[in-house]
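Student: Mind looking over this structure? Questions follow.
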Amino acid sequence: MSFGHKHILGIEHLSREDIELILDTADGFKEINTREIKKVPTLRGKTIINLFYEASTRTRTSFEIAGKRLSADTINISASASSVVKGETLEDTARNIEAMHPDIIVMRHSASGAPHYLAERLDCSIINAGDGAHEHPSQALLDLLTMRQHKGRIEGLKVAIIGDISHSRVARSNIYALTKMGATVRLAGPGTMIPPGIERLGAEVFTDINEAIRDADVIMMLRIQLERQGKTLLPTLREYSRFYGVNPQNLKLAKDDAIVMHPGPMNRGVEISSAVADGTQNVILDQVENGVAVRMALLYLVSGGEQPEN
C-alpha cells in the first residue's frame with residue numbers, strides 16, 4: 001500500500017487507512033532502534049531540515065534521530081539562531097532554505113496554520129511538528145502506537161484526556177485520530193480550559209475528572225500551557241492539582257490495567273503526582289521511544305516509500 005500524501009500537516013485530513021499504514025510502518029522501524037548499529041540506508045541522499053520556531057526537547061530530538069537513523073542528512077535550525085532575529089519573514093526564511101534543495105522541512109511554529117502556509121508555497125514536503133494550538137500530528141500518532149502496543153487495539157478503547165484542552169494541539173490531534181480509529185474520547189478540565197463546541201469533534205466533555213476517568217482504558221494528562229494563555233484561567237496551581245490532577249486515589253476509578261500517558265513536559269505535583277508519574281501504569285517513556293519510530297515512518301512515507309513487506 002502506498003502513501004498518497006506529500007505533506008503531513010495534521011490528522012484531520014488523514015484517513016483511517018492512512019493512520020493504520022503509518023502505525024504499521026512505524027512498527028516495522030521499531031526494531032532498528034534496538035540494534036547495536038542503529039542505522040539503515042533508506043533515506044541516504046535525502047536532506048531534512050528541522051525548522052523550529054518554538055522550544056522543543058522530545059519532538060526535535062526524535063525527528064533528528066529519526067532522520068539520521070534512516071541515513072538522511074539532517075540539519076537543525078532554531079529561530080533564536082537564525083535570521084528571524086534580524087527581522088526576516090517566515091516565507092523569506094523558507095524560500096532561502098528551499099533554494100538549498102532540501103527534501104523535507106519539519107516545522108514547529110507558534111502560529112496555527114504556518115506549516116500549511118509553507119506547503120502551499122514550497123516544492124519540498126512539509127511535516128507539521130506542532131503549529132500553535134492547532135495540531136501536533138506526530139504526537140497523536142505515537143500516542144496511538146503506544147496504546148496499540150499496550151492494549152492490542154485502539155477501537156473500543158475509552159480514552160480520557162485531562163487538562164488544558166483549549167490550548168492543546170496534542171488534544172486536538174488525538175481527538176481526530178482516536179475517533180477515526182473507533183475509540184471513545186472523554187475530555188475533562190476547568191470550564192475555562194474547555195473550548196466551546198469541542199464536542200462537535202466527537203468527544204464527550206466533563207468538568208469532573210472522576211467521571212472522565214471512571215472505567216477508562218487510557219488516561220492522558222496535559223500540562224497547563226501558561227505560555228499560550230493571555231490571562232490566568234485558574235485561581236492557583238494547588239487548586240488545579242486538587243481538582244484536575246491524577247493521583248493514586250482517583251486513578252483507582254479507571255480500569256485496573258489502565259495506562260497513564262503524558263506528551264511532556266510534565267509538571268509533577270500539578271497535573272500528575274510523582275507517585276503516578278513513576279508508577280507501574282505510566283507508559284510515558286514508551287511514548288518517547290515510539291516517537292522515534294513514528295517519525296521515521298513519516299519521513300520515509302512522505303519521501304515516497306511504501307510499507308515494508310513483512
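Letters for chains follow the order of the C-alpha cells (A, B, ...), residue numbers begin at 1 for each chain, and ligand numbers begin at 1 in the order shown.
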Please, which residues of region 15-195 of chain A, numbered as in this document, come out strand (DSSP E or B) from DSSP, as a VMD selection string?
Tutor: chain A and resid 47 to 52 73 to 78 104 to 109 125 to 131 135 158 to 162 184 to 188
Student: Those same residues, written as a compact mmCIF listing (two decimals), in the first residue's frame with N, CA, C and O atoms?
Tutor:
# COMPACT_ATOMS: atom_id res chain seq x y z
N THR A 47 17.81 15.19 2.23
CA THR A 47 18.16 16.26 3.18
C THR A 47 16.91 16.69 3.93
O THR A 47 15.89 17.03 3.30
N ILE A 48 16.99 16.67 5.25
CA ILE A 48 15.87 17.04 6.11
C ILE A 48 16.29 18.23 6.96
O ILE A 48 17.36 18.21 7.58
N ILE A 49 15.46 19.26 6.98
CA ILE A 49 15.73 20.43 7.81
C ILE A 49 14.67 20.54 8.89
O ILE A 49 13.47 20.56 8.59
N ASN A 50 15.10 20.55 10.14
CA ASN A 50 14.20 20.76 11.27
C ASN A 50 14.18 22.25 11.59
O ASN A 50 15.16 22.79 12.11
N LEU A 51 13.07 22.91 11.25
CA LEU A 51 12.94 24.35 11.42
C LEU A 51 12.01 24.62 12.60
O LEU A 51 10.79 24.52 12.47
N PHE A 52 12.58 24.95 13.74
CA PHE A 52 11.81 25.07 14.97
C PHE A 52 11.80 26.51 15.48
O PHE A 52 12.85 27.06 15.84
N ASP A 73 20.65 13.33 5.59
CA ASP A 73 21.41 14.46 6.11
C ASP A 73 20.42 15.37 6.83
O ASP A 73 19.47 15.88 6.23
N THR A 74 20.63 15.57 8.14
CA THR A 74 19.67 16.28 8.98
C THR A 74 20.30 17.54 9.55
O THR A 74 21.38 17.49 10.15
N ILE A 75 19.62 18.67 9.34
CA ILE A 75 20.10 19.96 9.81
C ILE A 75 19.05 20.59 10.72
O ILE A 75 17.86 20.58 10.39
N ASN A 76 19.48 21.11 11.86
CA ASN A 76 18.57 21.77 12.79
C ASN A 76 18.73 23.28 12.71
O ASN A 76 19.86 23.78 12.73
N ILE A 77 17.60 23.98 12.65
CA ILE A 77 17.61 25.45 12.69
C ILE A 77 16.61 25.90 13.73
O ILE A 77 15.43 25.52 13.68
N SER A 78 17.04 26.71 14.67
CA SER A 78 16.13 27.30 15.65
C SER A 78 15.97 28.78 15.35
O SER A 78 16.89 29.42 14.84
N ILE A 104 12.74 17.58 2.74
CA ILE A 104 11.68 17.67 3.75
C ILE A 104 12.03 18.79 4.72
O ILE A 104 13.18 18.92 5.14
N ILE A 105 11.03 19.60 5.06
CA ILE A 105 11.17 20.55 6.17
C ILE A 105 10.21 20.12 7.27
O ILE A 105 9.00 19.99 7.04
N VAL A 106 10.76 19.86 8.44
CA VAL A 106 9.97 19.56 9.63
C VAL A 106 9.85 20.86 10.40
O VAL A 106 10.86 21.45 10.78
N MET A 107 8.61 21.31 10.65
CA MET A 107 8.43 22.66 11.15
C MET A 107 7.57 22.73 12.39
O MET A 107 6.51 22.12 12.47
N ARG A 108 8.05 23.50 13.38
CA ARG A 108 7.24 23.86 14.55
C ARG A 108 7.15 25.39 14.59
O ARG A 108 8.15 26.08 14.44
N HIS A 109 5.92 25.88 14.81
CA HIS A 109 5.71 27.32 14.81
C HIS A 109 4.58 27.68 15.76
O HIS A 109 3.66 26.89 15.97
N SER A 125 8.49 18.60 0.77
CA SER A 125 7.48 18.11 1.72
C SER A 125 7.59 18.86 3.03
O SER A 125 8.69 19.22 3.46
N ILE A 126 6.44 19.09 3.67
CA ILE A 126 6.38 19.76 4.97
C ILE A 126 5.75 18.81 5.97
O ILE A 126 4.69 18.22 5.71
N ILE A 127 6.39 18.65 7.12
CA ILE A 127 5.81 17.88 8.22
C ILE A 127 5.58 18.83 9.39
O ILE A 127 6.50 19.52 9.83
N ASN A 128 4.36 18.87 9.86
CA ASN A 128 3.98 19.73 10.97
C ASN A 128 4.43 19.10 12.28
O ASN A 128 3.93 18.05 12.69
N ALA A 129 5.35 19.77 12.97
CA ALA A 129 5.82 19.30 14.28
C ALA A 129 5.15 20.08 15.41
O ALA A 129 5.66 20.10 16.53
N GLY A 130 4.00 20.69 15.11
CA GLY A 130 3.24 21.45 16.11
C GLY A 130 3.05 22.88 15.65
O GLY A 130 4.04 23.60 15.45
N ASP A 131 1.79 23.29 15.42
CA ASP A 131 1.53 24.67 14.99
C ASP A 131 0.52 25.31 15.94
O ASP A 131 -0.65 24.99 15.94
N GLU A 135 -2.58 21.69 15.74
CA GLU A 135 -2.37 20.24 15.69
C GLU A 135 -0.91 19.89 15.98
O GLU A 135 0.00 20.70 15.82
N LYS A 158 -11.60 3.35 25.80
CA LYS A 158 -12.10 4.59 26.41
C LYS A 158 -10.89 5.40 26.85
O LYS A 158 -10.13 4.98 27.72
N VAL A 159 -10.72 6.56 26.22
CA VAL A 159 -9.54 7.38 26.45
C VAL A 159 -9.96 8.70 27.08
O VAL A 159 -10.75 9.45 26.49
N ALA A 160 -9.44 8.98 28.27
CA ALA A 160 -9.72 10.24 28.95
C ALA A 160 -8.54 11.19 28.76
O ALA A 160 -7.40 10.83 29.07
N ILE A 161 -8.80 12.37 28.23
CA ILE A 161 -7.77 13.39 28.05
C ILE A 161 -8.11 14.52 29.03
O ILE A 161 -9.18 15.13 28.94
N ILE A 162 -7.19 14.79 29.94
CA ILE A 162 -7.47 15.69 31.06
C ILE A 162 -6.52 16.88 31.05
O ILE A 162 -5.30 16.70 30.94
N THR A 184 -13.45 5.82 22.09
CA THR A 184 -14.30 6.82 22.74
C THR A 184 -13.39 7.81 23.46
O THR A 184 -12.51 7.41 24.22
N VAL A 185 -13.59 9.09 23.22
CA VAL A 185 -12.74 10.13 23.80
C VAL A 185 -13.54 10.93 24.81
O VAL A 185 -14.62 11.45 24.51
N ARG A 186 -12.99 11.03 26.01
CA ARG A 186 -13.59 11.85 27.06
C ARG A 186 -12.62 12.98 27.39
O ARG A 186 -11.43 12.75 27.57
N LEU A 187 -13.14 14.19 27.50
CA LEU A 187 -12.34 15.36 27.84
C LEU A 187 -12.77 15.89 29.19
O LEU A 187 -13.96 15.91 29.50
N ALA A 188 -11.81 16.34 29.98
CA ALA A 188 -12.14 16.96 31.26
C ALA A 188 -11.14 18.04 31.59
O ALA A 188 -9.95 17.92 31.27
Student: Please list as a list of chain:residue names every residue within 8 Å of Gln281 (chain A), counting only C-alpha atoms and excluding residues in the same chain fewer than 5 positions away.
Tutor: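 Listing them by chain and then by number gives A:Asp257, A:Ala258, A:Ile259, A:Val260, A:Val276.
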Student: Can those selected residues be exported to a file as a tab-separated table (two decimals), in the first residue's frame so that it contains all heavy atoms?
Tutor:
chain	number	residue	atom	x	y	z
A	257	ASP	N	-6.13	-2.18	34.62
A	257	ASP	CA	-4.97	-2.23	33.71
A	257	ASP	C	-4.85	-0.96	32.87
A	257	ASP	O	-4.21	-0.95	31.82
A	257	ASP	CB	-5.07	-3.45	32.79
A	257	ASP	CG	-6.30	-3.41	31.89
A	257	ASP	OD1	-7.21	-2.58	32.13
A	257	ASP	OD2	-6.38	-4.22	30.94
A	258	ALA	N	-5.47	0.12	33.33
A	258	ALA	CA	-5.39	1.39	32.60
A	258	ALA	C	-3.94	1.87	32.53
A	258	ALA	O	-3.15	1.65	33.44
A	258	ALA	CB	-6.26	2.45	33.27
A	259	ILE	N	-3.61	2.54	31.43
A	259	ILE	CA	-2.28	3.13	31.29
A	259	ILE	C	-2.40	4.65	31.39
A	259	ILE	O	-3.42	5.23	31.04
A	259	ILE	CB	-1.60	2.73	29.96
A	259	ILE	CG1	-2.46	3.13	28.75
A	259	ILE	CG2	-1.31	1.23	29.95
A	259	ILE	CD1	-1.77	2.89	27.41
A	260	VAL	N	-1.33	5.26	31.88
A	260	VAL	CA	-1.28	6.72	32.04
A	260	VAL	C	-0.25	7.28	31.08
A	260	VAL	O	0.90	6.81	31.04
A	260	VAL	CB	-0.93	7.11	33.49
A	260	VAL	CG1	-0.83	8.64	33.61
A	260	VAL	CG2	-1.97	6.56	34.46
A	276	VAL	N	2.19	8.65	40.53
A	276	VAL	CA	1.64	8.13	39.28
A	276	VAL	C	2.68	8.21	38.17
A	276	VAL	O	2.85	7.28	37.38
A	276	VAL	CB	0.36	8.90	38.89
A	276	VAL	CG1	-0.14	8.45	37.52
A	276	VAL	CG2	-0.73	8.68	39.93
Student: Could you jot down the CA of Ser110 (chain A) to CA of Thr59 (chain A) separation for me, Å, one decimal place?
Tutor: 14.6 Å
Student: So, counting only C-alpha atoms, which residue among A:Leu141, A:Leu253, A:Val288, A:Val170 is closest to Ile22 (chain A)?
Tutor: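 Nearest candidate to Ile22 (chain A) out of A:Leu141, A:Leu253, A:Val288, A:Val170: A:Leu141.
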Student: Go through region 145-194 of chain A and collect every residue that DSSP, computed from the backbone, puts in alpha helix (DSSP H); the answer should be as a VMD selection string.
Tutor: chain A and resid 145 to 151 169 to 180
Student: Would you save the residues from that selection as a short mmCIF file (atom, residue, chain, number, x, y, z; two decimals), in the first residue's frame, using N, CA, C and O atoms?
Tutor:
data_model
loop_
_atom_site.label_atom_id
_atom_site.label_comp_id
_atom_site.auth_asym_id
_atom_site.auth_seq_id
_atom_site.Cartn_x
_atom_site.Cartn_y
_atom_site.Cartn_z
N LEU A 145 0.27 4.54 18.65
CA LEU A 145 1.16 3.38 18.60
C LEU A 145 1.38 2.82 20.00
O LEU A 145 1.40 1.60 20.20
N THR A 146 1.51 3.69 20.98
CA THR A 146 1.72 3.26 22.37
C THR A 146 0.47 2.57 22.91
O THR A 146 0.57 1.54 23.59
N MET A 147 -0.70 3.11 22.62
CA MET A 147 -1.94 2.46 23.05
C MET A 147 -2.07 1.08 22.41
O MET A 147 -2.42 0.10 23.08
N ARG A 148 -1.79 0.99 21.13
CA ARG A 148 -1.90 -0.30 20.44
C ARG A 148 -0.90 -1.30 20.99
O ARG A 148 -1.20 -2.49 21.12
N GLN A 149 0.29 -0.82 21.34
CA GLN A 149 1.32 -1.69 21.91
C GLN A 149 0.87 -2.29 23.23
O GLN A 149 1.09 -3.48 23.49
N HIS A 150 0.23 -1.49 24.07
CA HIS A 150 -0.14 -1.95 25.42
C HIS A 150 -1.53 -2.58 25.47
O HIS A 150 -1.77 -3.41 26.36
N LYS A 151 -2.41 -2.19 24.57
CA LYS A 151 -3.79 -2.67 24.62
C LYS A 151 -4.14 -3.62 23.48
O LYS A 151 -5.20 -4.27 23.50
N ARG A 169 -2.63 21.45 21.24
CA ARG A 169 -2.63 20.86 19.89
C ARG A 169 -2.58 19.34 19.98
O ARG A 169 -3.07 18.65 19.10
N VAL A 170 -1.98 18.82 21.07
CA VAL A 170 -1.95 17.37 21.26
C VAL A 170 -3.36 16.82 21.43
O VAL A 170 -3.72 15.80 20.84
N ALA A 171 -4.17 17.51 22.23
CA ALA A 171 -5.55 17.05 22.44
C ALA A 171 -6.32 17.03 21.14
O ALA A 171 -7.02 16.06 20.82
N ARG A 172 -6.19 18.10 20.35
CA ARG A 172 -6.96 18.17 19.11
C ARG A 172 -6.56 17.06 18.14
O ARG A 172 -7.41 16.39 17.55
N SER A 173 -5.27 16.84 17.96
CA SER A 173 -4.83 15.78 17.06
C SER A 173 -5.26 14.40 17.57
O SER A 173 -5.64 13.53 16.78
N ASN A 174 -5.21 14.21 18.89
CA ASN A 174 -5.64 12.92 19.43
C ASN A 174 -7.14 12.70 19.27
O ASN A 174 -7.58 11.57 19.02
N ILE A 175 -7.93 13.75 19.41
CA ILE A 175 -9.38 13.60 19.20
C ILE A 175 -9.64 13.14 17.77
O ILE A 175 -10.39 12.20 17.53
N TYR A 176 -9.02 13.81 16.81
CA TYR A 176 -9.18 13.41 15.41
C TYR A 176 -8.77 11.96 15.20
O TYR A 176 -9.49 11.17 14.58
N ALA A 177 -7.58 11.61 15.71
CA ALA A 177 -7.03 10.28 15.46
C ALA A 177 -7.84 9.19 16.15
O ALA A 177 -8.17 8.16 15.53
N LEU A 178 -8.15 9.38 17.41
CA LEU A 178 -8.84 8.34 18.18
C LEU A 178 -10.26 8.10 17.67
O LEU A 178 -10.71 6.95 17.59
N THR A 179 -10.98 9.16 17.33
CA THR A 179 -12.34 8.97 16.83
C THR A 179 -12.33 8.28 15.47
O THR A 179 -13.19 7.45 15.19
N LYS A 180 -11.34 8.61 14.62
CA LYS A 180 -11.23 7.92 13.33
C LYS A 180 -10.98 6.43 13.53
O LYS A 180 -11.44 5.60 12.73
#
Student: Which of these, A:Gly28, A:Pro102, A:Pro137, A:Gly245, has the shortest distance to Leu122 (chain A) once you count only C-alpha atoms?
Tutor: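 Of A:Gly28, A:Pro102, A:Pro137, A:Gly245, the one nearest Leu122 (chain A) is A:Pro102, counting only C-alpha atoms.
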Student: Could you check which of A:Leu299, A:Ile165, A:Leu237, A:Ile65 is closest to Gly197 (chain A), using only C-alpha atoms?
Tutor: A:Ile165
Student: Of the candidates A:Val292, A:Asn247, A:Thr34, A:Met181, which one gets nearest to Ile154 (chain A) if we count only C-alpha atoms?
Tutor: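 Nearest to Ile154 (chain A): A:Met181.
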